[in-house]
Every structure is written in C-alpha cells, then in structure tokens.
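Pasted below: entry04.txt, compact mmCIF, C-alpha atoms.
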```
# COMPACT_ATOMS: atom_id res chain seq x y z
CA MET A 1 12.06 -67.03 7.27
CA ARG A 2 15.02 -67.38 4.92
CA ARG A 3 14.45 -68.02 1.21
CA SER A 4 17.64 -69.88 0.28
CA SER A 5 18.72 -73.45 1.01
CA VAL A 6 22.01 -73.78 2.90
CA TYR A 7 24.25 -76.85 3.01
CA ILE A 8 27.57 -77.18 4.81
CA ALA A 9 30.50 -79.53 4.18
CA LEU A 10 33.47 -80.48 6.35
CA LEU A 11 36.47 -81.40 4.19
CA HIS A 12 39.22 -83.86 5.16
CA TYR A 13 41.05 -83.86 1.81
CA PRO A 14 42.86 -82.05 0.22
CA MET A 15 43.96 -80.16 3.36
CA TYR A 16 47.18 -78.47 4.38
CA ASN A 17 49.17 -79.71 7.33
CA LYS A 18 51.42 -77.48 9.44
CA ASN A 19 54.15 -77.51 6.74
CA MET A 20 51.67 -76.74 3.92
CA ASP A 21 51.89 -80.27 2.51
CA ILE A 22 48.66 -81.67 1.09
CA VAL A 23 47.28 -84.33 3.46
CA THR A 24 44.14 -86.26 4.32
CA THR A 25 43.01 -85.57 7.91
CA SER A 26 41.26 -88.04 10.20
CA VAL A 27 37.64 -87.77 11.15
CA THR A 28 37.16 -86.35 14.66
CA ASN A 29 34.13 -87.70 16.50
CA LEU A 30 33.46 -84.41 18.28
CA ASP A 31 33.50 -82.45 14.99
CA ILE A 32 30.61 -84.60 13.81
CA HIS A 33 28.61 -84.13 17.02
CA ASP A 34 29.23 -80.42 17.52
CA ILE A 35 28.68 -79.46 13.89
CA ALA A 36 25.54 -81.63 13.52
CA ARG A 37 24.05 -80.00 16.63
CA ALA A 38 24.89 -76.50 15.37
CA ALA A 39 23.55 -77.35 11.90
CA ARG A 40 20.25 -78.51 13.40
CA THR A 41 20.04 -75.46 15.68
CA TYR A 42 20.50 -73.11 12.70
CA ASP A 43 18.18 -75.13 10.43
CA VAL A 44 20.80 -76.10 7.84
CA ASP A 45 19.48 -78.31 5.01
CA GLY A 46 22.30 -80.86 5.09
CA PHE A 47 25.76 -81.44 6.62
CA TYR A 48 28.26 -83.36 4.45
CA ILE A 49 31.30 -85.08 5.89
CA VAL A 50 33.74 -85.36 3.02
CA HIS A 51 36.39 -88.07 3.26
CA PRO A 52 38.03 -90.12 0.47
CA SER A 53 38.92 -93.19 2.52
CA ALA A 54 36.58 -96.19 2.61
CA SER A 55 37.71 -97.17 6.13
CA GLN A 56 37.02 -93.70 7.55
CA GLN A 57 33.65 -93.72 5.81
CA ARG A 58 32.86 -97.02 7.52
CA LEU A 59 33.81 -95.49 10.87
CA ILE A 60 31.48 -92.55 10.27
CA ARG A 61 28.70 -94.93 9.20
CA ASP A 62 29.11 -96.84 12.47
CA ILE A 63 28.84 -93.61 14.48
CA LEU A 64 25.81 -92.60 12.43
CA ALA A 65 24.08 -95.94 12.87
CA TYR A 66 24.53 -95.78 16.65
CA TRP A 67 22.83 -92.39 16.82
CA GLN A 68 20.32 -92.84 14.03
CA GLU A 69 19.17 -96.41 14.69
CA GLY A 70 21.02 -97.75 17.73
CA TYR A 71 21.01 -97.08 21.46
CA GLY A 72 22.29 -93.51 21.09
CA GLY A 73 19.06 -92.37 19.53
CA VAL A 74 17.01 -93.92 22.33
CA TYR A 75 19.23 -92.45 25.03
CA ASN A 76 19.38 -88.98 23.46
CA SER A 77 16.68 -88.19 20.91
CA ASP A 78 17.97 -84.62 20.45
CA ARG A 79 21.23 -86.03 19.16
CA GLN A 80 19.35 -88.39 16.86
CA GLU A 81 17.51 -85.41 15.41
CA ALA A 82 20.80 -83.56 14.74
CA PHE A 83 22.32 -86.66 13.11
CA ARG A 84 19.51 -86.81 10.54
CA LEU A 85 21.20 -83.95 8.69
CA LEU A 86 24.40 -85.93 8.22
CA ARG A 87 25.55 -87.22 4.84
CA LEU A 88 28.75 -88.80 3.59
CA ALA A 89 30.59 -87.90 0.40
CA GLU A 90 33.95 -88.95 -0.98
CA ASP A 91 34.90 -85.62 -2.52
CA PHE A 92 33.77 -82.07 -3.27
CA PRO A 93 32.24 -82.87 -6.74
CA ALA A 94 30.17 -85.66 -5.13
CA VAL A 95 28.68 -83.12 -2.71
CA LEU A 96 27.72 -80.81 -5.58
CA GLU A 97 26.17 -83.74 -7.46
CA ASP A 98 24.15 -84.78 -4.43
CA ILE A 99 22.81 -81.25 -3.92
CA ARG A 100 22.00 -81.05 -7.64
CA LYS A 101 19.95 -84.25 -7.34
CA GLU A 102 18.10 -82.98 -4.27
CA THR A 103 17.37 -79.43 -5.39
CA GLY A 104 17.66 -79.59 -9.18
CA ARG A 105 20.04 -76.63 -8.96
CA GLU A 106 23.72 -75.70 -8.85
CA ALA A 107 24.97 -74.69 -5.43
CA ILE A 108 26.84 -71.41 -5.02
CA THR A 109 30.05 -72.46 -3.30
CA ILE A 110 31.46 -70.38 -0.45
CA ALA A 111 34.78 -71.28 1.17
CA THR A 112 35.72 -70.25 4.69
CA ASP A 113 39.27 -69.37 5.73
CA ALA A 114 41.11 -67.40 8.38
CA ARG A 115 42.82 -65.28 5.67
CA GLN A 116 41.51 -62.43 3.50
CA TYR A 117 41.10 -62.95 -0.30
CA PRO A 118 40.22 -60.71 -3.28
CA ASN A 119 36.82 -62.39 -3.78
CA THR A 120 35.86 -62.14 -0.11
CA ILE A 121 32.18 -61.73 0.73
CA THR A 122 31.05 -60.08 3.98
CA TYR A 123 28.82 -61.71 6.61
CA ARG A 124 26.31 -58.92 6.22
CA GLY A 125 26.17 -59.35 2.43
CA LEU A 126 25.87 -63.15 2.49
CA ARG A 127 23.31 -63.08 5.33
CA ARG A 128 21.15 -60.74 3.28
CA ASP A 129 21.50 -62.85 0.11
CA ILE A 130 20.58 -66.04 1.99
CA ALA A 131 17.54 -64.40 3.59
CA GLU A 132 16.20 -62.49 0.63
CA THR A 133 17.10 -64.38 -2.57
CA ASP A 134 16.10 -67.90 -3.52
CA GLN A 135 19.42 -69.73 -4.06
CA VAL A 136 21.23 -72.87 -2.99
CA TYR A 137 24.42 -72.29 -0.98
CA LEU A 138 27.18 -74.67 0.02
CA LEU A 139 29.56 -73.50 2.75
CA LEU A 140 32.90 -75.34 2.95
CA PHE A 141 34.86 -75.78 6.16
CA GLY A 142 38.35 -77.22 6.41
CA THR A 143 40.22 -79.35 8.94
CA GLY A 144 43.97 -79.56 9.62
CA TRP A 145 45.74 -76.29 8.70
CA GLY A 146 43.09 -75.25 6.17
CA ILE A 147 41.58 -75.88 2.74
CA SER A 148 44.07 -76.35 -0.13
CA GLN A 149 44.48 -73.58 -2.70
CA GLU A 150 43.13 -75.89 -5.40
CA SER A 151 39.81 -76.28 -3.54
CA MET A 152 39.66 -72.58 -2.65
CA ASP A 153 40.06 -71.72 -6.34
CA ARG A 154 37.03 -73.83 -7.22
CA CYS A 155 34.76 -71.80 -4.92
CA GLU A 156 32.83 -68.83 -6.21
CA ARG A 157 33.29 -66.72 -3.08
CA ILE A 158 35.29 -66.77 0.13
CA LEU A 159 33.73 -65.65 3.38
CA GLU A 160 35.63 -62.97 5.27
CA PRO A 161 37.66 -64.17 8.27
CA ILE A 162 36.05 -64.12 11.73
CA SER A 163 37.26 -61.04 13.59
CA GLY A 164 37.38 -61.71 17.29
CA ALA A 165 38.71 -58.91 19.43
CA SER A 166 42.46 -59.33 18.84
CA VAL A 167 44.84 -60.26 16.03
CA TYR A 168 44.83 -63.83 17.37
CA ASN A 169 42.48 -66.01 15.33
CA HIS A 170 43.02 -69.72 15.91
CA LEU A 171 39.55 -71.04 16.58
CA SER A 172 38.76 -74.74 16.26
CA VAL A 173 36.67 -75.65 13.22
CA ARG A 174 33.88 -76.52 15.68
CA SER A 175 33.90 -72.98 17.09
CA ALA A 176 34.24 -71.39 13.65
CA VAL A 177 31.24 -73.28 12.25
CA ALA A 178 29.12 -72.27 15.26
CA ILE A 179 30.03 -68.59 14.95
CA ILE A 180 29.57 -68.52 11.17
CA MET A 181 26.14 -70.23 11.38
CA ASP A 182 25.12 -67.70 14.02
CA ARG A 183 26.23 -64.74 11.91
CA LEU A 184 24.61 -65.98 8.69
CA LEU A 185 21.51 -67.78 9.92
CA GLY A 186 20.83 -66.82 13.56
CA ALA A 187 17.84 -64.81 14.74
CA SER A 188 19.18 -61.27 14.84
CA TRP A 189 19.92 -60.25 18.42
CA TYR A 190 21.67 -56.95 17.61
CA ASN A 191 18.78 -54.70 16.51
CA MET B 1 38.20 -50.93 22.72
CA ARG B 2 36.01 -52.30 25.48
CA ARG B 3 36.15 -50.73 28.94
CA SER B 4 35.17 -53.71 31.12
CA SER B 5 37.16 -56.78 32.12
CA VAL B 6 35.57 -60.10 31.19
CA TYR B 7 36.31 -63.49 32.78
CA ILE B 8 34.67 -66.80 31.93
CA ALA B 9 34.29 -69.96 33.99
CA LEU B 10 33.39 -73.53 33.00
CA LEU B 11 31.65 -75.32 35.88
CA HIS B 12 31.79 -79.09 36.53
CA TYR B 13 29.93 -79.03 39.86
CA PRO B 14 27.11 -78.67 40.88
CA MET B 15 25.61 -79.68 37.53
CA TYR B 16 22.43 -81.47 36.54
CA ASN B 17 22.55 -84.81 34.79
CA LYS B 18 19.84 -86.05 32.42
CA ASN B 19 17.54 -86.92 35.35
CA MET B 20 18.10 -83.55 37.08
CA ASP B 21 20.25 -85.12 39.83
CA ILE B 22 23.15 -83.00 41.05
CA VAL B 23 26.42 -84.46 39.76
CA THR B 24 30.07 -83.64 39.16
CA THR B 25 31.00 -83.90 35.48
CA SER B 26 34.38 -84.96 34.11
CA VAL B 27 36.78 -82.58 32.48
CA THR B 28 36.75 -82.86 28.66
CA ASN B 29 40.08 -82.18 27.01
CA LEU B 30 38.50 -80.58 23.94
CA ASP B 31 36.43 -78.18 26.09
CA ILE B 32 39.68 -76.82 27.48
CA HIS B 33 41.29 -76.43 24.05
CA ASP B 34 38.30 -75.00 22.21
CA ILE B 35 37.29 -72.58 24.94
CA ALA B 36 40.87 -71.40 25.58
CA ARG B 37 41.29 -70.68 21.85
CA ALA B 38 37.96 -68.80 21.70
CA ALA B 39 38.81 -66.89 24.90
CA ARG B 40 42.14 -65.78 23.41
CA THR B 41 40.50 -64.84 20.08
CA TYR B 42 37.95 -62.65 21.88
CA ASP B 43 40.52 -61.19 24.30
CA VAL B 44 38.98 -62.55 27.49
CA ASP B 45 40.92 -61.68 30.67
CA GLY B 46 40.88 -65.17 32.18
CA PHE B 47 39.29 -68.61 31.70
CA TYR B 48 38.60 -70.61 34.89
CA ILE B 49 38.07 -74.35 34.89
CA VAL B 50 36.10 -75.10 38.04
CA HIS B 51 36.34 -78.63 39.41
CA PRO B 52 36.19 -79.81 43.05
CA SER B 53 38.19 -83.02 42.65
CA ALA B 54 41.93 -83.05 43.34
CA SER B 55 42.56 -85.86 40.81
CA GLN B 56 40.78 -83.99 38.00
CA GLN B 57 42.72 -80.87 38.94
CA ARG B 58 45.95 -82.85 38.60
CA LEU B 59 44.83 -84.03 35.15
CA ILE B 60 44.15 -80.45 34.07
CA ARG B 61 47.54 -79.35 35.49
CA ASP B 62 49.25 -82.04 33.41
CA ILE B 63 47.49 -80.86 30.24
CA LEU B 64 48.38 -77.27 31.10
CA ALA B 65 52.04 -78.08 31.75
CA TYR B 66 52.34 -79.85 28.39
CA TRP B 67 51.06 -76.79 26.53
CA GLN B 68 52.52 -74.10 28.73
CA GLU B 69 55.99 -75.53 29.39
CA GLY B 70 56.31 -78.86 27.57
CA TYR B 71 56.54 -80.01 23.96
CA GLY B 72 53.04 -78.80 23.07
CA GLY B 73 54.07 -75.18 23.40
CA VAL B 74 57.09 -75.72 21.15
CA TYR B 75 55.07 -77.60 18.55
CA ASN B 76 52.18 -75.13 18.56
CA SER B 77 52.89 -71.69 20.00
CA ASP B 78 49.38 -70.43 19.18
CA ARG B 79 47.97 -73.06 21.53
CA GLN B 80 50.51 -72.08 24.19
CA GLU B 81 49.30 -68.50 23.93
CA ALA B 82 45.66 -69.56 24.38
CA PHE B 83 46.56 -71.72 27.40
CA ARG B 84 48.07 -68.74 29.21
CA LEU B 85 44.52 -67.58 30.02
CA LEU B 86 43.72 -70.80 31.86
CA ARG B 87 43.25 -70.98 35.63
CA LEU B 88 42.02 -73.67 37.99
CA ALA B 89 39.54 -73.18 40.82
CA GLU B 90 37.79 -75.63 43.11
CA ASP B 91 34.47 -73.83 43.29
CA PHE B 92 32.53 -70.72 42.30
CA PRO B 93 33.46 -68.66 45.44
CA ALA B 94 37.16 -69.38 44.76
CA VAL B 95 36.78 -67.86 41.27
CA LEU B 96 35.21 -64.70 42.72
CA GLU B 97 37.99 -64.47 45.30
CA ASP B 98 40.69 -64.83 42.64
CA ILE B 99 39.13 -62.09 40.49
CA ARG B 100 38.80 -59.88 43.59
CA LYS B 101 42.54 -60.32 44.24
CA GLU B 102 43.44 -59.54 40.63
CA THR B 103 41.17 -56.56 40.05
CA GLY B 104 40.37 -55.31 43.55
CA ARG B 105 36.69 -55.46 42.60
CA GLU B 106 33.59 -57.61 42.82
CA ALA B 107 32.66 -59.34 39.56
CA ILE B 108 29.14 -59.01 38.22
CA THR B 109 28.08 -62.64 37.70
CA ILE B 110 26.18 -63.64 34.56
CA ALA B 111 24.92 -67.19 34.11
CA THR B 112 24.21 -68.73 30.72
CA ASP B 113 21.41 -71.22 30.11
CA ALA B 114 19.25 -72.53 27.29
CA ARG B 115 16.08 -71.47 29.17
CA GLN B 116 14.48 -68.04 29.69
CA TYR B 117 14.42 -66.49 33.22
CA PRO B 118 12.82 -63.40 34.81
CA ASN B 119 16.20 -61.67 35.30
CA THR B 120 17.36 -62.34 31.74
CA ILE B 121 19.68 -59.80 30.13
CA THR B 122 19.88 -59.39 26.33
CA TYR B 123 23.04 -59.76 24.22
CA ARG B 124 22.62 -56.23 22.97
CA GLY B 125 22.31 -54.82 26.51
CA LEU B 126 25.25 -56.77 27.94
CA ARG B 127 27.45 -56.04 24.89
CA ARG B 128 26.83 -52.32 25.37
CA ASP B 129 27.51 -52.48 29.12
CA ILE B 130 30.77 -54.36 28.57
CA ALA B 131 31.92 -51.91 25.91
CA GLU B 132 30.89 -48.66 27.54
CA THR B 133 31.03 -49.08 31.31
CA ASP B 134 34.06 -49.94 33.43
CA GLN B 135 33.06 -53.12 35.28
CA VAL B 136 34.32 -56.64 35.94
CA TYR B 137 32.15 -59.42 34.50
CA LEU B 138 32.21 -63.15 35.11
CA LEU B 139 30.30 -65.33 32.63
CA LEU B 140 29.43 -68.84 33.83
CA PHE B 141 29.05 -71.82 31.51
CA GLY B 142 27.80 -75.24 32.53
CA THR B 143 28.57 -78.81 31.50
CA GLY B 144 26.34 -81.91 31.67
CA TRP B 145 22.64 -80.98 31.51
CA GLY B 146 23.18 -77.45 32.85
CA ILE B 147 24.00 -75.32 35.87
CA SER B 148 22.13 -76.20 39.09
CA GLN B 149 19.38 -73.91 40.33
CA GLU B 150 21.42 -73.12 43.43
CA SER B 151 24.27 -71.71 41.31
CA MET B 152 21.88 -69.89 38.96
CA ASP B 153 20.29 -68.19 41.99
CA ARG B 154 23.67 -66.84 43.07
CA CYS B 155 24.16 -64.99 39.76
CA GLU B 156 23.06 -61.42 39.33
CA ARG B 157 21.82 -61.85 35.78
CA ILE B 158 21.13 -64.62 33.30
CA LEU B 159 21.99 -64.19 29.65
CA GLU B 160 19.13 -64.83 27.23
CA PRO B 161 19.21 -68.19 25.40
CA ILE B 162 20.92 -68.41 22.00
CA SER B 163 18.23 -68.32 19.31
CA GLY B 164 19.33 -70.32 16.31
CA ALA B 165 16.83 -70.58 13.50
CA SER B 166 14.53 -73.27 14.89
CA VAL B 167 13.07 -74.37 18.25
CA TYR B 168 15.90 -76.90 18.50
CA ASN B 169 18.65 -75.60 20.77
CA HIS B 170 21.08 -78.29 21.86
CA LEU B 171 24.48 -76.79 21.16
CA SER B 172 27.61 -78.18 22.80
CA VAL B 173 29.08 -75.92 25.49
CA ARG B 174 32.04 -75.42 23.12
CA SER B 175 29.75 -74.02 20.42
CA ALA B 176 27.71 -71.97 22.91
CA VAL B 177 30.81 -70.30 24.36
CA ALA B 178 32.08 -69.43 20.86
CA ILE B 179 28.75 -67.90 19.81
CA ILE B 180 28.30 -65.97 23.07
CA MET B 181 31.87 -64.56 22.93
CA ASP B 182 31.22 -63.49 19.35
CA ARG B 183 27.95 -61.75 20.23
CA LEU B 184 29.31 -59.98 23.31
CA LEU B 185 32.92 -59.25 22.38
CA GLY B 186 33.37 -59.69 18.60
CA ALA B 187 34.13 -56.89 16.17
CA SER B 188 30.70 -55.91 14.88
CA TRP B 189 30.14 -57.36 11.41
CA TYR B 190 26.45 -56.44 11.12
CA ASN B 191 26.52 -52.65 10.67
```
Spit out the file's structure as structure tokens when you get a sec.
Amino acid sequence: MRRSSVYIALLHYPMYNKNMDIVTTSVTNLDIHDIARAARTYDVDGFYIVHPSASQQRLIRDILAYWQEGYGGVYNSDRQEAFRLLRLAEDFPAVLEDIRKETGREAITIATDARQYPNTITYRGLRRDIAETDQVYLLLFGTGWGISQESMDRCERILEPISGASVYNHLSVRSAVAIIMDRLLGASWYN
Amino acid sequence: MRRSSVYIALLHYPMYNKNMDIVTTSVTNLDIHDIARAARTYDVDGFYIVHPSASQQRLIRDILAYWQEGYGGVYNSDRQEAFRLLRLAEDFPAVLEDIRKETGREAITIATDARQYPNTITYRGLRRDIAETDQVYLLLFGTGWGISQESMDRCERILEPISGASVYNHLSVRSAVAIIMDRLLGASWYN
C-alpha cells in the first residue's frame, strides 16, 4: 500500500509543435479514455486535463457527461468508474491550486520527457519515494512535440526517459503514461 | 541483448463482444499507430494486424502506403520507421506460416488476457526466457472484449494478467501492449 497521493495532468498548452513553436494542441478523445482507464487501474488520485480554451473545455465536459451521467455509463460501467477521476483545469497553476484545496498540501511536481535533464529522477527512486514517504505528487505529461521549456523549468524534478530496447523512442503519450504508471505504481512483477 | 525473436499480433477475429458472442472487430487507426510505435521502441521483429475481411485489409494497406511511401513518411520519418514493422495476415495460422518462412522455425505462441489461467506464465519467467534462450515467440493481443476461447486454447502459454494497483483492470489494448512490451523487453530500470 503506497503512502503518497499521486495526481497526473495532461497538458495542451504551452506545448511545442514540430518546429518548436509554442502552440495549443487539441484534445484527443482517445487520450482521455486511455489515460483515465490507466489512471483507475493504477489507483491514481486524480487525472487533470489541462486546456486553456473554453470551447475545448465544453467539448470535454460533453464527453464527461456522456460517460458520467449519460448512456455511456449505463452501457459501460467500467468506463464510468474510470471517468470519475477526471478533472478539468485551464492551466498548470489551477491544477496546483485544486490539489492544494483537496489535500491541504503543495504537490511535488514531476515532468516527463523523452530527453535527459540534469535534475532527472530515476523510476526506482521515485517509486520508492511514492511508496514509502507521505507526499503529494503531480506528474505532468505533454501532447504535441513535448512540454515547453518554461513549464519544464517550473517542475521540481524530471523523470528519466523511458528506455525501450533501441535508440528509437517515439511512444504515444497514451503508451508513455501507461508504462510510467506501471513502473511507478504497479504491483512489482520483477522480484 | 536478447537472444530470442519476438513477434506480436493484434487479432480482430474471432473475438468476444460484450455479450460473449463471437464477432469480427473493426480496425482502429490509433491501435496501428500506437502499437507500431511501441513495437519499434521495444525492438520487436514484426507486428501483424490480423483481419479476415478484404475491405478492412485494403483500408490498412492504404494507411500503410501513406506512411511507408506517401506524404506521411516525408512529414514524419519516425512514424515511417515504426510502420516498417507492420504486416497483414488474414488469420492466426497465416501469421504462424509467415514467421515459419522468415525464421525457419515454429513460434512459441503466448496469449494475453486479463484473466488468470492454469497454464499462465509470469512476466519474470518469460522475460528471462526471451533474453537467455534462442527461440521465436509470438505474443497475441485481442480487441473487443477479448480473444475467443478457441484461439486461447491454441496457444502454448498465457501471460499472467497485468496487475495495476487495484482490482480494476480495464486497460485499452494500446496501453496493455505498451506495458507488456516494457515488462518483457524494456531495459531494466528496477535494479
């Protein structure tokens, strides 16, 4: 039984595009479904979708209502259960404020990225801290071509890149979230 | 450096639907993308999409051509690289035959499922076998509500279910493939 609380957030702004311009990305329906299901499977405390646009927030609210209160929840109650973890926020500070309200504490912010940084933390180290110390963690995941430098700089630590079995590392954010949840929060299968 | 060859296959028939009827599922574009990217990241030898319908096979061929030869490959060469692993087959025996032609050997077939079976193999055991013995493995993944009993019975072993951190286990096949590749083929992060 882990001692820490763990929240995750999927950012849509400020992101890089292919040319390293700062852009706002669109919400992808399957990101919401896949990440909510993984979050529920790994017993995450909350999953924030972070988007600054009112119209995209309305779209997400419609999807949520279908699964939380509408026919979706009747048809597939497992999906309804996963969607209970979902929250909307307009930016990164709003997520921190919401967690502060819920827990009365400051979240330790951990960015994820496919590149290595000086303040990188290992999976083994973070898994141990989550299990054994009583903290509140917020893990940030990016869309598009990755989280902007400005947002990375605001995070206390950066999780080491996922090493597959080759130098190629171009996983979808859906796959990356699943693998990272498994490494940090999964029942250990390797002992 | 692992000693075995590893192939994966995504089945669309014969699958269960919600009511445990045998059905053919549709191809999902994002399954192809996410699983191809994960397969490339974890250095899988080939990724088979198994579908009996000629029209769905044509659809997959169109997607493939776009990324392998068309504008997609120019726009995103990483995606082109992932799509090189992709192959089409009309059924499970055709996959085995194709692997036999390529390797001159019979693949050891491993099904994946969210339930526990008598002939279950552990992640730790299969990871060790893949790394240390010189075999050919084929891992089968299902769509819809899971692989039919008939297909499960044809497999030599069944991989143990993914344990998250709760009794809830309703991951998408995209997430399940990513996690299973990481457990079986990823650089070990836990030592």
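With distances restricted to all atoms listed in the file, B:Ile130 is the closest residue to Val44 of chain B from B:Val173, B:Ile130, B:Val95, B:Val167.
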List as a PyMOL selection string the protein and nucleic acid residues near Tyr117 of chain A, meaning an atom at most 9 Å away when all atoms listed in the file are counted, but skip any in the same chain fewer than 6 places from it. chain A and resi 158-160
At most 9 Å to chain A: residues in chain B, all atoms listed in the file, as number ranges by chain: B: 1, 30, 33-35, 37-38, 40-44, 78-79, 82, 122-124, 162-172, 174-183, 185-191
Please write the residues from the selection above to a file, keeping C-alpha atoms, as an mmCIF file, in the frame of the given file.
```cif
data_model
loop_
_atom_site.group_PDB
_atom_site.id
_atom_site.type_symbol
_atom_site.label_atom_id
_atom_site.label_comp_id
_atom_site.auth_asym_id
_atom_site.auth_seq_id
_atom_site.Cartn_x
_atom_site.Cartn_y
_atom_site.Cartn_z
ATOM 1 C CA MET B 1 38.200 -50.930 22.720
ATOM 2 C CA LEU B 30 38.500 -80.580 23.940
ATOM 3 C CA HIS B 33 41.290 -76.430 24.050
ATOM 4 C CA ASP B 34 38.300 -75.000 22.210
ATOM 5 C CA ILE B 35 37.290 -72.580 24.940
ATOM 6 C CA ARG B 37 41.290 -70.680 21.850
ATOM 7 C CA ALA B 38 37.960 -68.800 21.700
ATOM 8 C CA ARG B 40 42.140 -65.780 23.410
ATOM 9 C CA THR B 41 40.500 -64.840 20.080
ATOM 10 C CA TYR B 42 37.950 -62.650 21.880
ATOM 11 C CA ASP B 43 40.520 -61.190 24.300
ATOM 12 C CA VAL B 44 38.980 -62.550 27.490
ATOM 13 C CA ASP B 78 49.380 -70.430 19.180
ATOM 14 C CA ARG B 79 47.970 -73.060 21.530
ATOM 15 C CA ALA B 82 45.660 -69.560 24.380
ATOM 16 C CA THR B 122 19.880 -59.390 26.330
ATOM 17 C CA TYR B 123 23.040 -59.760 24.220
ATOM 18 C CA ARG B 124 22.620 -56.230 22.970
ATOM 19 C CA ILE B 162 20.920 -68.410 22.000
ATOM 20 C CA SER B 163 18.230 -68.320 19.310
ATOM 21 C CA GLY B 164 19.330 -70.320 16.310
ATOM 22 C CA ALA B 165 16.830 -70.580 13.500
ATOM 23 C CA SER B 166 14.530 -73.270 14.890
ATOM 24 C CA VAL B 167 13.070 -74.370 18.250
ATOM 25 C CA TYR B 168 15.900 -76.900 18.500
ATOM 26 C CA ASN B 169 18.650 -75.600 20.770
ATOM 27 C CA HIS B 170 21.080 -78.290 21.860
ATOM 28 C CA LEU B 171 24.480 -76.790 21.160
ATOM 29 C CA SER B 172 27.610 -78.180 22.800
ATOM 30 C CA ARG B 174 32.040 -75.420 23.120
ATOM 31 C CA SER B 175 29.750 -74.020 20.420
ATOM 32 C CA ALA B 176 27.710 -71.970 22.910
ATOM 33 C CA VAL B 177 30.810 -70.300 24.360
ATOM 34 C CA ALA B 178 32.080 -69.430 20.860
ATOM 35 C CA ILE B 179 28.750 -67.900 19.810
ATOM 36 C CA ILE B 180 28.300 -65.970 23.070
ATOM 37 C CA MET B 181 31.870 -64.560 22.930
ATOM 38 C CA ASP B 182 31.220 -63.490 19.350
ATOM 39 C CA ARG B 183 27.950 -61.750 20.230
ATOM 40 C CA LEU B 185 32.920 -59.250 22.380
ATOM 41 C CA GLY B 186 33.370 -59.690 18.600
ATOM 42 C CA ALA B 187 34.130 -56.890 16.170
ATOM 43 C CA SER B 188 30.700 -55.910 14.880
ATOM 44 C CA TRP B 189 30.140 -57.360 11.410
ATOM 45 C CA TYR B 190 26.450 -56.440 11.120
ATOM 46 C CA ASN B 191 26.520 -52.650 10.670
#
```
Any idea what's packed within 8 Å of Leu10 of chain A, counting only C-alpha atoms, ignoring anything in its chain fewer than 6 positions away? Could you give it as a VMD selection string? chain A and resid 47 to 50 140 to 143
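For the atom pair formed by atom CA of Ile108 of chain A and atom CA of Ser148 of chain A, the distance is 18.6 Å, given to one decimal.
For the set B:Arg157, B:Arg100, B:Arg105, B:Arg87, the residue with the smallest atom-to-atom gap to Pro118 of chain B is B:Arg157, counting all atoms listed in the file.
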Nearby residues (all atoms listed in the file) at most 12 Å from segment 19-21 of chain B, same-chain spacing under 2 positions excluded, as a PyMOL selection string: (chain A and resi 75) or (chain B and resi 13-17+23-25+144-149)
Could you put an axis-aligned box around every listed atom of segment 39-49 of chain A, padded by 3 Å on each side, and send me its centre and edge lengths in Å to one decimal, as JSON?
```
{"center_x": 24.7, "center_y": -79.1, "center_z": 10.1, "size_x": 19.1, "size_y": 18.0, "size_z": 17.2}
```
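Going from atom CA of Gly70 of chain B to atom CA of Ile22 of chain A covers 27.7 Å.
The space between atom CA of Thr112 of chain B and atom CA of Val27 of chain B spans 18.8 Å.
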Find the residues near Glu106 of chain A: any atom within 9 Å, counting only C-alpha atoms, skip ones fewer than 2 places away on the same chain, and give them as number ranges by chain. A: 96-97, 99-100, 103-104, 108, 135-137
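Minimum atom-to-atom distance to Pro93 of chain A, evaluated using all atoms listed in the file, belongs to A:Leu138 out of A:Val6, A:Leu184, A:Leu138, A:Leu126.
Taking all atoms listed in the file, the non-local environment of Phe92 of chain B within 9 Å (same-chain residues fewer than 6 positions away omitted) comprises B:Ala9, B:Leu11, B:Val50, B:Ser151.
Take the candidates A:Ser26, A:Tyr7, A:Ile110, A:Leu139 and check each one against Asp98 of chain A using all atoms listed in the file; the shortest distance goes to A:Tyr7.
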Provide segment 83-94 of chain A rebuilt to N, CA and C atoms, formatted as a PDB file, in the coordinates of the input.
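For reference, part.pdb as written:
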```pdb
ATOM      1  N   PHE A  83      21.610 -85.746  14.004  1.00  0.00           N
ATOM      2  CA  PHE A  83      22.320 -86.660  13.110  1.00  0.00           C
ATOM      3  C   PHE A  83      21.562 -86.939  11.813  1.00  0.00           C
ATOM      4  N   ARG A  84      20.274 -86.633  11.786  1.00  0.00           N
ATOM      5  CA  ARG A  84      19.510 -86.810  10.540  1.00  0.00           C
ATOM      6  C   ARG A  84      20.018 -85.954   9.402  1.00  0.00           C
ATOM      7  N   LEU A  85      20.702 -84.859   9.732  1.00  0.00           N
ATOM      8  CA  LEU A  85      21.200 -83.950   8.690  1.00  0.00           C
ATOM      9  C   LEU A  85      22.483 -84.452   8.033  1.00  0.00           C
ATOM     10  N   LEU A  86      23.078 -85.488   8.623  1.00  0.00           N
ATOM     11  CA  LEU A  86      24.400 -85.930   8.220  1.00  0.00           C
ATOM     12  C   LEU A  86      24.429 -86.760   6.940  1.00  0.00           C
ATOM     13  N   ARG A  87      25.363 -86.440   6.052  1.00  0.00           N
ATOM     14  CA  ARG A  87      25.550 -87.220   4.840  1.00  0.00           C
ATOM     15  C   ARG A  87      27.040 -87.431   4.614  1.00  0.00           C
ATOM     16  N   LEU A  88      27.358 -88.498   3.906  1.00  0.00           N
ATOM     17  CA  LEU A  88      28.750 -88.800   3.590  1.00  0.00           C
ATOM     18  C   LEU A  88      29.013 -88.564   2.111  1.00  0.00           C
ATOM     19  N   ALA A  89      30.201 -88.048   1.807  1.00  0.00           N
ATOM     20  CA  ALA A  89      30.590 -87.900   0.400  1.00  0.00           C
ATOM     21  C   ALA A  89      32.079 -88.152   0.292  1.00  0.00           C
ATOM     22  N   GLU A  90      32.524 -88.636  -0.886  1.00  0.00           N
ATOM     23  CA  GLU A  90      33.950 -88.950  -0.980  1.00  0.00           C
ATOM     24  C   GLU A  90      34.789 -87.770  -1.453  1.00  0.00           C
ATOM     25  N   ASP A  91      34.166 -86.834  -2.147  1.00  0.00           N
ATOM     26  CA  ASP A  91      34.900 -85.620  -2.520  1.00  0.00           C
ATOM     27  C   ASP A  91      33.926 -84.461  -2.786  1.00  0.00           C
ATOM     28  N   PHE A  92      34.507 -83.311  -3.063  1.00  0.00           N
ATOM     29  CA  PHE A  92      33.770 -82.070  -3.270  1.00  0.00           C
ATOM     30  C   PHE A  92      32.782 -82.196  -4.455  1.00  0.00           C
ATOM     31  N   PRO A  93      33.204 -82.714  -5.642  1.00  0.00           N
ATOM     32  CA  PRO A  93      32.240 -82.870  -6.740  1.00  0.00           C
ATOM     33  C   PRO A  93      31.039 -83.757  -6.373  1.00  0.00           C
ATOM     34  N   ALA A  94      31.272 -84.776  -5.540  1.00  0.00           N
ATOM     35  CA  ALA A  94      30.170 -85.660  -5.130  1.00  0.00           C
ATOM     36  C   ALA A  94      29.138 -84.902  -4.288  1.00  0.00           C
TER      37      ALA A  94
END
```
